[in-house]
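A short write-up of the structure that comes next.
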Amino acid sequence: MVSTTEVASDVYRISIFVPEINLEFSHFLVKDEEPLLFHAGLRGMFPMLLEEVSRLMDVSKLRHIAFSHFESDECGGLNHWLERAPDAQPACGLIGALVSVNDFSIRPARALTKDDVLSTGRRRFRFIHTPHVPHGWDAGVLFEESERILFCSDLFHQWGLLAPTTTDSLIERARTSLLEAEAGPFANYVPYTHHTGRILESLAGYAPRTLATMHGSTYYGDGAQALRELATVMSEVLGPK
């Protein structure tokens with residue numbers, strides 16, 4: 001099941017729901033002078049994503065394919081997009097580029113370091129390195145400065161087929177998702193280190209107004225409070241006992 005929702009001006013959430021695992025995978029297309037796709041998606045999802053993106057723009061005009069970390073649902077379809085968009089370039093953190101992406105990708109990545117800014121024209125995206133938040137050493141997020149949109153990857157993971165957007169708190173959904181994961185074979189899928197709280201607090205400092213989550217509803221509201229609440233939940237569920 002595929003659904004597309006404009007979550008901000010010329011920012012589209014393209015979500016694919018997989019009922020077998022009760023989970024949505026969201027990909028964000030930013031239409032601008034240099035269009036950006038955040039999350040290349042699983043390789044098997046590429047035909048569905050391609051159809052949706054093609055309804056919104058000429059795919060060959062894509063310029064940036066960005067993602068948080070090296071994982072199949074983040075960048076499995078990367079090379080398919082690069083084949084369709086000859087001027088497109090992957091964009092990810094320096095560590096991800098050097099350790100994984102430049103070997104995997106058919107074109108070298110633009111390697112982003114702390115507070116680097118990627119401009120697409122009207123919009124500026126600041127790269128924030130967030131090691132092990134939500135996953136690997138290479139993890140990072142993008143913050144769109146004009147409308148304060150945080151493209152936050154797997155943070156605020158929510159199970160189920162949900163409304164595309166919400167103003168309701170995501171915290172109990174996130175808590176439930178963490179507890180369910182810790183009780184099953186995917187325990188420890190979100191690492192917790194002595195840096196986790198500090199990193200989430202640094203994200204809160206950007207005061208996002210929109211949280212563009214990969215798995216679940218996009219949230220409108222006080223993103224700083226939501227991130228601080230998430231830090232508390234992660235400490236309670238994942239922290240030292």
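Residue numbering restarts at 1 for every chain of the structure tokens, chains are lettered A, B, ... in their displayed order, and ligands are numbered from 1 as they appear.
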Practice problem: Do a neighbour search on A:Gln225 at 9 Å with only C-alpha atoms, toss out local chain neighbours closer than 5 positions, and write the hits as a ChimeraX atom specification. | Solution: /A:204,207,230
Excluding A:Gln89 and any residue of its chain fewer than 2 positions from it, enumerate the residues within 8 Å of it, using only C-alpha atoms, and give them as an mmCIF file with N, CA and C atoms, in the first residue's frame.
```cif
data_model
loop_
_atom_site.group_PDB
_atom_site.id
_atom_site.type_symbol
_atom_site.label_atom_id
_atom_site.label_comp_id
_atom_site.auth_asym_id
_atom_site.auth_seq_id
_atom_site.Cartn_x
_atom_site.Cartn_y
_atom_site.Cartn_z
ATOM 1 N N ARG A 63 18.853 15.522 -7.788
ATOM 2 C CA ARG A 63 20.252 15.904 -7.631
ATOM 3 C C ARG A 63 20.895 15.335 -6.372
ATOM 4 N N HIS A 64 20.091 15.058 -5.341
ATOM 5 C CA HIS A 64 20.649 14.586 -4.071
ATOM 6 C C HIS A 64 19.839 13.391 -3.572
ATOM 7 N N ILE A 65 20.524 12.297 -3.245
ATOM 8 C CA ILE A 65 19.903 11.130 -2.634
ATOM 9 C C ILE A 65 20.545 10.986 -1.252
ATOM 10 N N LEU A 82 20.406 6.469 -8.976
ATOM 11 C CA LEU A 82 21.533 7.094 -9.660
ATOM 12 C C LEU A 82 21.539 6.762 -11.147
ATOM 13 N N ASP A 87 22.660 13.217 -12.914
ATOM 14 C CA ASP A 87 23.349 14.277 -12.172
ATOM 15 C C ASP A 87 23.203 14.136 -10.660
ATOM 16 N N ALA A 91 24.328 11.624 -0.687
ATOM 17 C CA ALA A 91 24.766 12.558 0.348
ATOM 18 C C ALA A 91 24.579 11.890 1.698
ATOM 19 N N ARG A 107 28.369 5.993 -7.912
ATOM 20 C CA ARG A 107 29.025 7.305 -7.935
ATOM 21 C C ARG A 107 29.409 7.663 -6.514
ATOM 22 N N PRO A 108 30.528 8.337 -6.321
ATOM 23 C CA PRO A 108 30.949 8.674 -4.965
ATOM 24 C C PRO A 108 29.981 9.633 -4.297
ATOM 25 N N ALA A 109 29.904 9.504 -2.972
ATOM 26 C CA ALA A 109 28.988 10.330 -2.186
ATOM 27 C C ALA A 109 29.580 11.694 -1.881
ATOM 28 N N ARG A 110 28.699 12.638 -1.678
ATOM 29 C CA ARG A 110 29.091 13.892 -1.047
ATOM 30 C C ARG A 110 29.178 13.608 0.445
#
```
Within 12 Å of stretch 214-222 of chain A, which residues of stretch 48-115 of chain A show up? Give each one with its shortest atom-to-atom distance in Å (one decimal) and the two atoms involved, counting only C-alpha atoms, rows by chain then rising residue number, as a Markdown table.
```
| residue | atom | partner | partner_atom | distance |
| --- | --- | --- | --- | --- |
| A:Phe67 | CA | A:Met214 | CA | 10.5 |
| A:Ser68 | CA | A:Met214 | CA | 10.4 |
| A:Asp73 | CA | A:Met214 | CA | 9.5 |
| A:Glu74 | CA | A:Met214 | CA | 9.2 |
```
Quiz prompt | A:Gly93 environment, 8 Å, only C-alpha atoms, sequence neighbours closer than 2 positions dropped, as a PyMOL selection string | solution = chain A and resi 68-69+91+95-97+111-113+127+129+138-140
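From atom CA of A:Leu161 back to atom CA of A:Leu78, the distance works out to 25.1 Å.
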Exercise. Taking the chain letters and numbering used in this document, name the residues of stretch 8-79 of chain A that DSSP puts in helix (DSSP H, G or I), as a list in words.
Key: Arg43, Gly44, Met45, Phe46, Pro47, Met48, Leu49, Leu50, Glu51, Glu52, Val53, Ser54, Arg55, Leu56, Val59, Ser60, Lys61, Ser72, Asp73, Glu74, Cys75, Leu78 and Asn79 of chain A
Exercise. Using only C-alpha atoms, find the one residue out of A:Ser72, A:Asn102, A:Ser60, A:Ser119 that sits nearest to A:Gly41.
Key: A:Ser72
Self-check item: Those of chain A in DSSP strand (DSSP E or B), formatted as a VMD selection string
Solution: chain A and resid 2 to 8 11 to 18 23 to 30 36 to 38 64 to 66 89 to 93 110 to 112 117 to 119 124 to 129 140 to 144 149 to 151 165 to 166 210 to 212 218 to 220
Quiz item: So what do you get for atom CA of A:Glu24 versus atom CA of A:Leu150, distance-wise?
Solution: 18.2 Å
Quiz prompt | Pick from A:Glu182, A:Asp58, A:Asp32, A:Glu6 nearest to A:Gly239, counting only C-alpha atoms | solution = A:Glu182
